[in-house]
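Trainee: Okay, so here is start19.cif, and as you'll see once you scroll down, it has mmCIF, C-alpha atoms and all ligand atoms.
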```
data_upload
loop_
_atom_site.label_atom_id
_atom_site.label_comp_id
_atom_site.auth_asym_id
_atom_site.auth_seq_id
_atom_site.Cartn_x
_atom_site.Cartn_y
_atom_site.Cartn_z
CA MET A 1 93.36 56.14 126.97
CA GLY A 2 93.20 52.55 128.18
CA PRO A 3 96.29 51.63 130.18
CA ASN A 4 97.46 48.87 127.90
CA SER A 5 96.47 50.27 124.58
CA PRO A 6 98.23 52.88 122.50
CA HIS A 7 94.88 54.02 121.09
CA SER A 8 92.78 56.74 122.56
CA THR A 9 89.34 55.48 123.41
CA ARG A 10 85.99 57.20 123.66
CA LEU A 11 83.41 54.60 122.96
CA VAL A 12 79.67 54.33 123.56
CA ILE A 13 78.18 50.86 123.51
CA VAL A 14 74.45 50.98 122.83
CA MET A 15 72.52 47.87 123.84
CA VAL A 16 69.59 46.81 121.68
CA GLY A 17 66.93 44.16 122.24
CA LEU A 18 63.61 43.21 123.74
CA PRO A 19 63.30 42.85 127.51
CA ALA A 20 64.65 39.60 129.01
CA ARG A 21 67.27 39.05 126.32
CA GLY A 22 70.18 39.38 128.70
CA LYS A 23 71.15 42.96 127.76
CA THR A 24 71.87 43.94 131.33
CA TYR A 25 73.86 40.77 131.90
CA ILE A 26 75.99 41.53 128.84
CA ALA A 27 76.29 45.24 129.71
CA ARG A 28 77.50 44.47 133.21
CA LYS A 29 79.92 41.82 132.04
CA LEU A 30 81.42 44.20 129.49
CA ALA A 31 81.66 46.98 132.06
CA ARG A 32 83.38 44.69 134.52
CA PHE A 33 85.87 43.45 131.92
CA LEU A 34 86.68 46.95 130.68
CA SER A 35 87.00 48.50 134.15
CA TRP A 36 89.24 45.65 135.15
CA LEU A 37 91.44 46.32 132.13
CA GLY A 38 91.68 49.92 133.33
CA TYR A 39 89.20 51.74 131.07
CA ARG A 40 86.98 54.21 132.89
CA THR A 41 83.66 52.55 132.15
CA ARG A 42 80.11 53.13 133.32
CA VAL A 43 76.70 51.62 132.59
CA PHE A 44 73.67 53.90 132.20
CA ASN A 45 70.60 51.73 132.70
CA ILE A 46 67.28 53.35 131.83
CA GLY A 47 65.33 50.98 134.08
CA ASP A 48 67.31 52.34 137.03
CA TYR A 49 66.45 55.93 136.03
CA ARG A 50 62.77 55.02 135.78
CA ARG A 51 62.73 53.30 139.17
CA ALA A 52 64.73 56.08 140.87
CA ARG A 53 62.65 58.94 139.45
CA LEU A 54 59.21 57.48 138.88
CA GLY A 55 59.06 54.63 141.40
CA ASN A 56 59.09 50.93 140.78
CA LYS A 57 55.47 49.99 140.46
CA HIS A 58 55.03 50.16 136.70
CA ARG A 59 52.90 47.44 135.19
CA ALA A 60 52.77 46.34 131.55
CA ASP A 61 50.33 49.07 130.42
CA PHE A 62 52.96 51.72 131.20
CA PHE A 63 55.05 50.22 128.36
CA ASP A 64 52.16 50.11 125.85
CA PRO A 65 53.22 52.17 122.79
CA GLU A 66 49.60 53.48 122.68
CA ASN A 67 49.94 54.90 126.19
CA ALA A 68 50.88 58.54 125.57
CA ASP A 69 51.77 59.36 129.20
CA GLY A 70 53.85 56.21 129.48
CA ASN A 71 55.63 57.01 126.22
CA ARG A 72 56.44 60.53 127.35
CA ALA A 73 57.72 59.38 130.72
CA ARG A 74 59.86 56.71 129.10
CA SER A 75 61.41 59.07 126.57
CA GLU A 76 62.19 61.50 129.39
CA MET A 77 64.03 58.76 131.24
CA ALA A 78 65.89 57.74 128.08
CA GLU A 79 66.83 61.37 127.54
CA ALA A 80 67.97 61.86 131.14
CA ALA A 81 70.20 58.79 130.96
CA LEU A 82 71.64 59.81 127.59
CA GLY A 83 72.30 63.35 128.83
CA ASP A 84 74.15 62.05 131.88
CA LEU A 85 76.07 59.62 129.70
CA LEU A 86 77.23 62.38 127.35
CA THR A 87 78.21 64.64 130.23
CA TRP A 88 80.15 61.86 131.88
CA MET A 89 81.96 61.05 128.65
CA GLU A 90 82.90 64.68 128.23
CA VAL A 91 84.34 64.96 131.71
CA ASP A 92 85.72 61.64 132.66
CA GLY A 93 84.65 58.57 130.74
CA GLU A 94 86.34 56.31 128.24
CA VAL A 95 83.57 53.79 127.66
CA ALA A 96 79.87 54.28 128.39
CA ILE A 97 77.28 51.56 128.02
CA TYR A 98 73.75 52.70 127.30
CA ASP A 99 71.63 49.86 128.64
CA ALA A 100 68.11 50.23 127.25
CA THR A 101 65.92 48.44 124.72
CA ASN A 102 66.60 50.94 121.87
CA THR A 103 64.24 48.83 119.82
CA THR A 104 63.33 51.27 117.08
CA GLN A 105 65.50 52.42 114.25
CA ARG A 106 64.50 56.01 114.92
CA ARG A 107 65.57 55.88 118.52
CA ARG A 108 68.91 54.34 117.58
CA ALA A 109 69.53 56.95 114.90
CA THR A 110 68.92 59.72 117.47
CA VAL A 111 71.23 58.15 120.03
CA ARG A 112 73.94 57.61 117.45
CA GLU A 113 73.69 61.14 116.12
CA ARG A 114 74.00 62.65 119.59
CA CYS A 115 77.07 60.53 120.33
CA VAL A 116 78.74 61.27 117.00
CA GLN A 117 78.11 65.01 117.46
CA ASN A 118 80.06 64.68 120.70
CA GLY A 119 82.96 63.03 118.91
CA LEU A 120 82.23 59.56 120.28
CA GLN A 121 82.49 56.22 118.51
CA VAL A 122 79.34 54.09 118.72
CA VAL A 123 78.92 50.33 118.64
CA PHE A 124 75.49 48.73 118.92
CA ILE A 125 75.22 45.35 120.58
CA GLU A 126 71.96 43.58 120.00
CA SER A 127 70.90 40.53 121.92
CA ALA A 128 68.23 38.63 120.04
CA CYS A 129 66.78 35.33 121.21
CA GLN A 130 64.80 32.82 119.27
CA ASP A 131 65.13 30.10 121.88
CA PRO A 132 62.12 30.31 124.25
CA ALA A 133 64.00 28.38 126.95
CA ILE A 134 66.62 31.16 127.24
CA ILE A 135 63.92 33.83 127.54
CA GLU A 136 61.97 31.84 130.10
CA ALA A 137 65.10 31.27 132.21
CA ASN A 138 65.97 34.94 131.99
CA ILE A 139 62.52 36.06 133.13
CA ARG A 140 62.47 33.62 136.04
CA GLU A 141 66.03 34.27 137.17
CA THR A 142 66.41 38.02 136.84
CA LYS A 143 63.04 39.69 136.43
CA LEU A 144 61.31 38.06 139.37
CA THR A 145 63.96 39.46 141.68
CA SER A 146 63.68 42.93 140.12
CA PRO A 147 62.38 45.70 142.39
CA ASP A 148 59.62 46.17 139.77
CA TYR A 149 57.95 43.01 141.04
CA GLU A 150 58.82 43.07 144.71
CA GLY A 151 56.22 41.27 146.81
CA MET A 152 54.19 40.15 143.79
CA ASP A 153 53.01 36.60 143.12
CA PRO A 154 55.66 35.05 140.77
CA ASP A 155 53.16 33.79 138.17
CA GLU A 156 51.39 37.14 138.07
CA ALA A 157 54.76 38.88 137.72
CA VAL A 158 55.77 36.60 134.84
CA ALA A 159 52.44 37.20 133.08
CA ASP A 160 52.84 40.97 133.45
CA PHE A 161 56.39 40.83 132.19
CA ARG A 162 55.32 38.86 129.13
CA LYS A 163 52.81 41.59 128.35
CA ARG A 164 55.56 44.17 128.68
CA ILE A 165 57.69 42.21 126.20
CA ALA A 166 54.73 42.00 123.78
CA HIS A 167 54.38 45.81 123.87
CA TYR A 168 58.02 46.24 122.93
CA ALA A 169 57.79 43.48 120.32
CA SER A 170 54.96 45.35 118.56
CA VAL A 171 57.38 48.16 117.61
CA TYR A 172 60.67 46.24 117.55
CA GLU A 173 62.92 46.66 114.52
CA PRO A 174 65.99 44.43 114.80
CA LEU A 175 69.30 45.90 113.73
CA ALA A 176 69.85 45.58 110.01
CA ASP A 177 72.31 46.89 107.46
CA ALA A 178 69.86 49.54 106.34
CA ASP A 179 69.44 51.15 109.70
CA ALA A 180 73.12 50.91 110.49
CA GLU A 181 74.07 53.25 107.62
CA GLY A 182 77.70 52.95 108.41
CA ALA A 183 77.18 52.15 112.09
CA SER A 184 79.10 49.36 113.75
CA TYR A 185 77.18 46.56 115.33
CA ILE A 186 77.44 43.12 116.84
CA LYS A 187 74.31 41.02 116.87
CA LEU A 188 74.23 38.04 119.22
CA ILE A 189 71.54 35.48 118.52
CA ASP A 190 70.70 32.96 121.27
CA VAL A 191 73.69 33.95 123.40
CA GLY A 192 76.29 33.44 120.73
CA ARG A 193 74.78 30.58 118.69
CA VAL A 194 74.98 33.01 115.79
CA VAL A 195 77.01 36.20 115.81
CA GLU A 196 76.74 38.87 113.12
CA VAL A 197 79.31 41.61 112.88
CA HIS A 198 78.86 44.73 110.83
CA ARG A 199 81.56 47.34 110.13
CA LEU A 200 83.38 46.79 113.38
CA ASP A 201 86.36 49.08 113.50
CA GLY A 202 89.14 49.57 115.99
CA TYR A 203 91.15 47.92 118.70
CA LEU A 204 88.66 48.05 121.55
CA PRO A 205 85.54 47.01 119.58
CA ALA A 206 87.50 44.01 118.26
CA LYS A 207 88.53 43.12 121.80
CA LEU A 208 84.89 43.33 122.89
CA LEU A 209 83.84 41.04 120.06
CA PHE A 210 86.41 38.46 121.13
CA TYR A 211 85.12 38.66 124.69
CA LEU A 212 81.48 38.33 123.60
CA LEU A 213 82.28 35.31 121.43
CA ASN A 214 83.38 33.49 124.56
CA LEU A 215 80.55 34.55 126.84
CA HIS A 216 77.80 32.12 127.87
CA VAL A 217 75.14 31.99 130.54
CA VAL A 218 75.93 28.62 132.09
CA ARG A 219 76.30 29.11 135.82
CA ARG A 220 79.20 27.39 137.51
CA PRO A 221 81.26 27.95 140.63
CA ILE A 222 84.85 29.15 140.58
CA TYR A 223 87.36 28.14 143.24
CA LEU A 224 90.46 30.25 143.81
CA THR A 225 93.31 29.14 146.01
CA ARG A 226 96.93 29.92 146.62
CA HIS A 227 99.42 27.06 146.58
CA GLY A 228 100.32 25.36 149.85
CA GLU A 229 103.01 27.03 151.93
CA SER A 230 106.41 26.97 150.23
CA THR A 231 109.82 26.92 151.86
CA LEU A 232 110.27 30.56 150.80
CA ASN A 233 106.92 31.48 152.39
CA GLU A 234 108.29 30.02 155.63
CA GLU A 235 111.11 32.57 155.45
CA GLY A 236 108.88 35.45 154.35
CA ARG A 237 110.65 35.74 150.98
CA ILE A 238 108.80 36.84 147.88
CA GLY A 239 108.77 35.24 144.43
CA GLY A 240 111.16 32.42 143.63
CA ASP A 241 110.27 28.90 142.63
CA ALA A 242 110.51 26.95 145.87
CA PRO A 243 108.87 23.58 146.62
CA LEU A 244 106.17 23.07 149.23
CA SER A 245 107.06 22.92 152.92
CA PRO A 246 105.68 19.98 154.97
CA ASN A 247 102.76 22.27 155.92
CA GLY A 248 102.17 23.05 152.27
CA GLN A 249 102.08 19.34 151.47
CA LYS A 250 99.40 18.86 154.11
CA TYR A 251 97.35 21.52 152.35
CA ALA A 252 97.77 19.74 149.01
CA GLN A 253 96.30 16.58 150.59
CA ALA A 254 93.44 18.52 152.20
CA LEU A 255 92.69 20.25 148.89
CA ALA A 256 92.51 16.89 147.12
CA GLN A 257 89.90 15.76 149.65
CA PHE A 258 87.97 18.99 149.26
CA VAL A 259 87.90 18.61 145.47
CA ALA A 260 86.90 14.93 145.71
CA GLY A 261 83.87 16.03 147.74
CA LEU A 262 82.63 18.55 145.16
CA PRO A 263 79.45 17.65 143.28
CA ILE A 264 81.11 18.26 139.88
CA GLN A 265 84.85 17.90 139.36
CA PRO A 266 86.38 21.20 138.27
CA GLU A 267 88.75 22.01 135.44
CA VAL A 268 91.99 22.88 137.27
CA PHE A 269 94.56 25.49 136.24
CA THR A 270 97.90 26.09 137.94
CA SER A 271 100.85 28.36 137.25
CA THR A 272 104.10 26.91 135.93
CA LEU A 273 105.79 27.29 139.31
CA GLN A 274 106.58 24.24 141.43
CA ARG A 275 104.51 25.28 144.40
CA THR A 276 101.21 25.33 142.49
CA ILE A 277 101.99 22.18 140.49
CA GLN A 278 102.85 20.33 143.70
CA THR A 279 99.64 21.59 145.30
CA ALA A 280 97.61 20.16 142.43
CA ALA A 281 99.55 16.87 142.29
CA PRO A 282 97.40 14.85 144.77
CA LEU A 283 94.16 15.90 143.02
CA ALA A 284 92.32 13.10 141.24
CA VAL A 285 91.64 15.43 138.29
CA PRO A 286 94.32 16.55 135.82
CA SER A 287 95.54 20.14 135.90
CA ASN A 288 96.74 22.60 133.27
CA PRO A 289 99.87 24.66 134.01
CA TRP A 290 99.69 28.17 132.53
CA ARG A 291 102.53 30.67 132.52
CA ALA A 292 100.14 33.62 132.61
CA LEU A 293 99.20 32.47 136.12
CA ASP A 294 102.77 32.80 137.49
CA GLU A 295 103.22 35.16 140.42
CA ILE A 296 104.00 38.84 139.88
CA ASP A 297 107.63 39.10 138.80
CA ALA A 298 109.44 40.97 141.56
CA GLY A 299 112.46 41.57 139.28
CA ILE A 300 115.55 42.56 141.28
CA CYS A 301 113.59 41.98 144.51
CA ASP A 302 112.83 38.33 143.75
CA GLY A 303 113.78 36.17 146.75
CA MET A 304 114.04 39.09 149.19
CA THR A 305 111.93 39.78 152.30
CA TYR A 306 109.94 43.02 152.51
CA ALA A 307 112.23 44.13 155.37
CA GLU A 308 115.31 43.60 153.16
CA ILE A 309 113.77 45.61 150.34
CA ALA A 310 112.89 48.46 152.74
CA GLU A 311 116.41 48.48 154.11
CA GLN A 312 118.49 47.92 150.99
CA ILE A 313 116.47 49.81 148.36
CA PRO A 314 114.16 52.10 150.34
CA ASN A 315 113.27 54.21 147.29
CA GLU A 316 111.80 51.19 145.57
CA TYR A 317 109.99 50.12 148.70
CA GLU A 318 108.40 53.54 149.13
CA ALA A 319 107.53 53.92 145.47
CA ARG A 320 105.58 50.68 145.67
CA GLN A 321 103.80 51.78 148.83
CA ARG A 322 102.75 54.99 147.08
CA ASP A 323 101.31 53.43 143.93
CA LYS A 324 101.07 49.69 144.21
CA LEU A 325 98.93 49.33 141.07
CA ARG A 326 101.33 51.04 138.69
CA TYR A 327 104.66 50.44 140.46
CA ARG A 328 106.81 48.12 138.37
CA TYR A 329 109.64 46.24 140.09
CA PRO A 330 112.92 47.02 138.29
CA ARG A 331 113.18 44.31 135.63
CA GLY A 332 109.90 42.90 136.90
CA GLU A 333 106.18 43.66 136.76
CA SER A 334 103.47 45.90 138.15
CA TYR A 335 99.95 44.81 139.06
CA GLN A 336 98.82 46.48 135.86
CA ASP A 337 101.22 44.27 133.92
CA VAL A 338 99.79 41.23 135.70
CA ILE A 339 96.24 42.23 134.78
CA ALA A 340 97.25 42.69 131.14
CA ARG A 341 98.76 39.21 130.95
CA LEU A 342 95.72 37.70 132.66
CA GLU A 343 93.37 38.88 129.91
CA PRO A 344 93.57 35.58 127.96
CA VAL A 345 93.04 33.72 131.24
CA ILE A 346 89.80 35.63 131.80
CA ILE A 347 88.65 34.84 128.27
CA GLU A 348 89.37 31.14 128.83
CA LEU A 349 87.68 31.11 132.23
CA GLU A 350 84.62 32.77 130.70
CA ARG A 351 84.60 30.25 127.85
CA GLN A 352 84.72 27.17 130.12
CA ARG A 353 81.32 25.83 131.11
CA ARG A 354 82.54 23.51 133.85
CA PRO A 355 83.33 24.49 137.44
CA LEU A 356 86.84 25.92 137.61
CA MET A 357 89.65 25.86 140.10
CA VAL A 358 92.65 28.16 139.84
CA ILE A 359 95.66 27.30 142.00
CA ALA A 360 97.93 30.31 141.79
CA HIS A 361 99.52 33.12 143.78
CA GLN A 362 98.60 36.11 145.90
CA ALA A 363 98.95 38.93 143.35
CA VAL A 364 97.47 36.89 140.50
CA LEU A 365 94.51 35.79 142.61
CA ARG A 366 93.88 39.35 143.76
CA ALA A 367 93.65 40.35 140.10
CA LEU A 368 91.31 37.46 139.21
CA TYR A 369 89.22 38.12 142.30
CA ALA A 370 88.82 41.77 141.29
CA TYR A 371 87.44 40.67 137.93
CA PHE A 372 84.99 38.09 139.24
CA MET A 373 83.83 40.17 142.22
CA ASP A 374 83.66 43.42 140.25
CA LYS A 375 86.13 45.31 142.44
CA ALA A 376 88.31 48.15 141.25
CA PRO A 377 91.89 46.85 141.03
CA GLU A 378 92.96 49.70 143.38
CA ASP A 379 90.78 48.19 146.09
CA ILE A 380 92.21 44.67 146.15
CA LEU A 381 95.94 45.38 146.18
CA ARG A 382 96.18 44.76 149.92
CA MET A 383 93.36 42.26 150.23
CA GLU A 384 94.06 39.17 152.30
CA ILE A 385 94.35 36.02 150.22
CA PRO A 386 95.46 33.67 153.01
CA LEU A 387 97.34 30.45 152.42
CA HIS A 388 95.50 27.13 152.86
CA THR A 389 92.10 28.62 152.08
CA VAL A 390 89.74 27.99 149.15
CA ILE A 391 87.77 31.02 148.04
CA GLN A 392 84.55 29.69 146.57
CA LEU A 393 82.63 31.98 144.23
CA ALA A 394 79.10 30.70 143.68
CA PRO A 395 77.13 32.24 140.82
CA GLY A 396 74.01 34.33 141.45
CA PRO A 397 71.88 36.11 138.78
CA TYR A 398 74.31 38.99 138.27
CA ALA A 399 77.09 38.47 140.84
CA PHE A 400 79.11 35.79 142.61
CA VAL A 401 78.62 35.00 146.29
CA GLU A 402 81.83 34.33 148.19
CA THR A 403 82.54 31.67 150.83
CA ARG A 404 85.98 30.93 152.24
CA HIS A 405 87.03 27.43 153.35
CA ARG A 406 90.10 27.24 155.56
CA LEU A 407 91.28 23.65 155.07
CA VAL A 408 94.28 23.23 157.39
O1 LIG A 501 104.55 36.69 149.62
C1 LIG A 501 103.95 35.84 148.70
C2 LIG A 501 103.72 36.53 147.37
O2 LIG A 501 103.02 35.65 146.53
C3 LIG A 501 105.03 36.99 146.67
O3 LIG A 501 105.65 36.00 145.89
C4 LIG A 501 104.54 38.17 145.88
O4 LIG A 501 105.60 39.02 145.47
C5 LIG A 501 103.59 38.81 146.84
O5 LIG A 501 102.95 37.74 147.53
C6 LIG A 501 102.53 39.66 146.20
O6 LIG A 501 101.87 40.41 147.20
P1 LIG A 501 102.16 41.98 147.35
O7 LIG A 501 101.74 42.56 146.04
O8 LIG A 501 101.27 42.40 148.48
O9 LIG A 501 103.61 42.21 147.62
#
```
Could I get this structure in the form of structure tokens?
Mentor:
Amino acid sequence: MGPNSPHSTRLVIVMVGLPARGKTYIARKLARFLSWLGYRTRVFNIGDYRRARLGNKHRADFFDPENADGNRARSEMAEAALGDLLTWMEVDGEVAIYDATNTTQRRRATVRERCVQNGLQVVFIESACQDPAIIEANIRETKLTSPDYEGMDPDEAVADFRKRIAHYASVYEPLADADAEGASYIKLIDVGRVVEVHRLDGYLPAKLLFYLLNLHVVRRPIYLTRHGESTLNEEGRIGGDAPLSPNGQKYAQALAQFVAGLPIQPEVFTSTLQRTIQTAAPLAVPSNPWRALDEIDAGICDGMTYAEIAEQIPNEYEARQRDKLRYRYPRGESYQDVIARLEPVIIELERQRRPLMVIAHQAVLRALYAYFMDKAPEDILRMEIPLHTVIQLAPGPYAFVETRHRLV
């Protein structure tokens, strides 16, 4: 069961679409979002099975539907991935994503039947593209860096990949009402220009739809920073709503200079606490205060130092040390609570096409960082997010690349 949902979840998302339609991009994004929300999620990518078991030197003719050996090998890989997926769902999983072309109705019916027999809900997500520019960009940006084409001349690789697409296209049957026969599906045309939804049922599938509606493929950097030092930071006290110290004000000035030097001015979000608003004040661009970005609520510990908590309420201190993710401060929040309230922030940050800057707080930034850098929340609970430092996340084909700028 997902941590923030009262519904039990056992869902298989089956990707559908020709090569170079962004299926893997979507699959990974969904997996990242769901894992971050606390659902045990895993992607099963057939291309990875093929490369791991059969090597990575397959050219277009391997994917020719007339090639009997190729067909057999490909169905074996599809079968191996599906078998592992079903086993994993039986033992441990809440959401599995089957990342393959699944381009024929027959194939989809088989996959669906196997999942349903195992008591699993199935949602198909098809990515269809009519815009040649999107396909071209996808081939150039992701396929040329694929291990399938390592060391090959880029133009030759593109030509081979186009042939591979043509082989799939010759047997492709897009999702349609008829083949769904009661199945749920979401069809995305040209990365969300048109979205078709068919018999979508349930809390999690609806959440996924909402997420997908906001997804785009425009690449832009994201800048994360804590506020400048506050007067409570100076004393080592947590929480509160203190103003900036003189040091913190210096950081606000330095940040304004940093932002002025950026090639494109970002959209800036702050929390509603003084220290982030004051940090954004010298910026030449306007900023948007957002309550969901406020620091973790330390409840009865607000305004205390860690040493005071350890001394005065040692049980609470130790409980937090034992399980920092789930520990909820009395009358306050846990990290899990923070993640749950950040969900709309993630949706908004995904929706925005401009560069973004978030000026917030340690716990909140750890949670956002986990999402963007695809880290398990458990692994970032003690991560350093130093004051007076901008964490720049620059977009790559599937992941962000991090650089830290210490400004003062
Ligand atoms: O100390 C600064 C601060 O932002 C506190 O306001 C907050 O309670 C804390 O960091 C969060 O970090 P941790 O979860 O490690 O206590």
Trainee: If you count only C-alpha atoms and all ligand atoms, which residues end up within 10 Å of ligand LIG 501 (chain A), as a ChimeraX atom specification?
Mentor: /A:226-227,229-230,232-241,294-299,301-306,320-321,324-325,329,333-335,360-366,380-387
Trainee: Compile the contact shell of A:Val358 as a list in words: residues with an atom at most 9 Å away, counting all atoms listed in the file, same-chain residues fewer than 4 positions apart removed.
Mentor: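 What passes the distance filter is Ile222, Tyr223, Leu224, Thr225, Arg226, Glu267, Val268, Phe269, Thr270, Ser271, Leu293 and Leu365 of chain A.
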Trainee: Find the distance between atom CA of A:Ala399 and atom CA of A:Asp337 and write it in Å to one decimal.
Mentor: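 Going from atom CA of A:Ala399 over to atom CA of A:Asp337 covers 25.8 Å.
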Trainee: Taking all atoms listed in the file into account, produce a table as a tab-separated table in which each residue of stretch 15-61 of chain A with an atom at most 10 Å from an atom of stretch 102-106 of chain A appears once, together with its shortest atom pair and the distance in Å to one decimal, ordered by chain and rising number.
Mentor:
```
residue	atom	partner	partner_atom	distance
A:Met15	CA	A:Asn102	CA	7.0
A:Val16	CA	A:Asn102	CA	5.1
A:Gly17	CA	A:Thr103	CA	5.9
A:Leu18	CA	A:Thr103	CA	6.9
A:Pro19	CA	A:Thr103	CA	9.8
```
Trainee: Tell me, in Å to one decimal, how far atom CA of A:Met77 is from atom CA of A:Ala27.
Mentor: 18.3 Å
Trainee: Go ahead and compute the interatomic distance for atom CA of A:Glu350 and atom CA of A:Leu283, in Å to one decimal.
Mentor: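 About the pair atom CA of A:Glu350 and atom CA of A:Leu283: they are 23.0 Å apart.
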Trainee: From the options A:His388, A:Cys115, A:Met89, A:Thr142, which residue's atoms come nearest to A:Gln249, counting all atoms listed in the file?
Mentor: A:His388
Trainee: Let me make sure I understand: among A:Pro221, A:Gly182, A:Arg353, A:His167, which one has the smallest atom-to-atom distance to A:Leu262 if we use all atoms listed in the file?
Mentor: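 Ranking A:Pro221, A:Gly182, A:Arg353, A:His167 by distance to A:Leu262, first place goes to A:Pro221.
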Trainee: Which one is closest to A:Ala60: A:Arg164, A:Arg351, A:His198, A:Arg328? Count only C-alpha atoms.
Mentor: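 Using only C-alpha atoms, the shortest distance to A:Ala60 belongs to A:Arg164.
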Trainee: I want to know what sits within 12 Å of A:Pro65, based on all atoms listed in the file, with residues of the same chain fewer than 4 positions away left out; could you give that as a ChimeraX atom specification?
Mentor: /A:60-61,69-75,103-104,163-172
Trainee: Please list as a list in words every residue within 7 Å of A:Ser184, counting all atoms listed in the file and excluding residues in the same chain fewer than 6 positions away.
Mentor: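 My list of contacting residues is Val122, Val123, Phe124, His198, Arg199 and Leu200 of chain A.
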Trainee: Applying 12 Å and only C-alpha atoms, which residues near stretch 156-161 of chain A remain after dropping the ones on its own chain fewer than 2 positions away? List them as a ChimeraX atom specification.
Mentor: /A:18-20,57-64,135-154,163-168
Trainee: Take the selection from the previous step and output its residues with C-alpha atoms, as a PDB file, in the frame of the given file.
Mentor:
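part-v9.pdb was written with the following content:
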```pdb
ATOM      1  CA  LEU A  18      63.610  43.210 123.740  1.00  0.00           C
ATOM      2  CA  PRO A  19      63.300  42.850 127.510  1.00  0.00           C
ATOM      3  CA  ALA A  20      64.650  39.600 129.010  1.00  0.00           C
ATOM      4  CA  LYS A  57      55.470  49.990 140.460  1.00  0.00           C
ATOM      5  CA  HIS A  58      55.030  50.160 136.700  1.00  0.00           C
ATOM      6  CA  ARG A  59      52.900  47.440 135.190  1.00  0.00           C
ATOM      7  CA  ALA A  60      52.770  46.340 131.550  1.00  0.00           C
ATOM      8  CA  ASP A  61      50.330  49.070 130.420  1.00  0.00           C
ATOM      9  CA  PHE A  62      52.960  51.720 131.200  1.00  0.00           C
ATOM     10  CA  PHE A  63      55.050  50.220 128.360  1.00  0.00           C
ATOM     11  CA  ASP A  64      52.160  50.110 125.850  1.00  0.00           C
ATOM     12  CA  ILE A 135      63.920  33.830 127.540  1.00  0.00           C
ATOM     13  CA  GLU A 136      61.970  31.840 130.100  1.00  0.00           C
ATOM     14  CA  ALA A 137      65.100  31.270 132.210  1.00  0.00           C
ATOM     15  CA  ASN A 138      65.970  34.940 131.990  1.00  0.00           C
ATOM     16  CA  ILE A 139      62.520  36.060 133.130  1.00  0.00           C
ATOM     17  CA  ARG A 140      62.470  33.620 136.040  1.00  0.00           C
ATOM     18  CA  GLU A 141      66.030  34.270 137.170  1.00  0.00           C
ATOM     19  CA  THR A 142      66.410  38.020 136.840  1.00  0.00           C
ATOM     20  CA  LYS A 143      63.040  39.690 136.430  1.00  0.00           C
ATOM     21  CA  LEU A 144      61.310  38.060 139.370  1.00  0.00           C
ATOM     22  CA  THR A 145      63.960  39.460 141.680  1.00  0.00           C
ATOM     23  CA  SER A 146      63.680  42.930 140.120  1.00  0.00           C
ATOM     24  CA  PRO A 147      62.380  45.700 142.390  1.00  0.00           C
ATOM     25  CA  ASP A 148      59.620  46.170 139.770  1.00  0.00           C
ATOM     26  CA  TYR A 149      57.950  43.010 141.040  1.00  0.00           C
ATOM     27  CA  GLU A 150      58.820  43.070 144.710  1.00  0.00           C
ATOM     28  CA  GLY A 151      56.220  41.270 146.810  1.00  0.00           C
ATOM     29  CA  MET A 152      54.190  40.150 143.790  1.00  0.00           C
ATOM     30  CA  ASP A 153      53.010  36.600 143.120  1.00  0.00           C
ATOM     31  CA  PRO A 154      55.660  35.050 140.770  1.00  0.00           C
ATOM     32  CA  LYS A 163      52.810  41.590 128.350  1.00  0.00           C
ATOM     33  CA  ARG A 164      55.560  44.170 128.680  1.00  0.00           C
ATOM     34  CA  ILE A 165      57.690  42.210 126.200  1.00  0.00           C
ATOM     35  CA  ALA A 166      54.730  42.000 123.780  1.00  0.00           C
ATOM     36  CA  HIS A 167      54.380  45.810 123.870  1.00  0.00           C
ATOM     37  CA  TYR A 168      58.020  46.240 122.930  1.00  0.00           C
TER      38      TYR A 168
END
```
Trainee: Identify, on the basis of all atoms listed in the file, every residue whose closest approach to stretch 39-45 of chain A does not exceed 6 Å; exclude the query and any residue fewer than 3 positions from it along the same chain; express the result as an mmCIF file with C-alpha atoms, keeping the file's coordinate frame.
Mentor:
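After the write, out.cif holds the following:
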```cif
data_model
loop_
_atom_site.group_PDB
_atom_site.id
_atom_site.type_symbol
_atom_site.label_atom_id
_atom_site.label_comp_id
_atom_site.auth_asym_id
_atom_site.auth_seq_id
_atom_site.Cartn_x
_atom_site.Cartn_y
_atom_site.Cartn_z
ATOM 1 C CA GLY A 2 93.200 52.550 128.180
ATOM 2 C CA ALA A 31 81.660 46.980 132.060
ATOM 3 C CA LEU A 34 86.680 46.950 130.680
ATOM 4 C CA SER A 35 87.000 48.500 134.150
ATOM 5 C CA ASP A 48 67.310 52.340 137.030
ATOM 6 C CA GLY A 93 84.650 58.570 130.740
ATOM 7 C CA GLU A 94 86.340 56.310 128.240
ATOM 8 C CA VAL A 95 83.570 53.790 127.660
ATOM 9 C CA ALA A 96 79.870 54.280 128.390
ATOM 10 C CA ILE A 97 77.280 51.560 128.020
ATOM 11 C CA TYR A 98 73.750 52.700 127.300
ATOM 12 C CA ASP A 99 71.630 49.860 128.640
#
```
Trainee: When you count all atoms listed in the file, which of these residues is closest to A:Ala394: A:Ala376, A:Leu356, A:Leu54, A:Ala260?
Mentor: A:Leu356
Trainee: Using all atoms listed in the file for the distances, tell me which of A:Leu215, A:Leu407, A:Ala206, A:Ile313 is nearest to A:Ala252.
Mentor: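 Of A:Leu215, A:Leu407, A:Ala206, A:Ile313, the one nearest A:Ala252 is A:Leu407, counting all atoms listed in the file.
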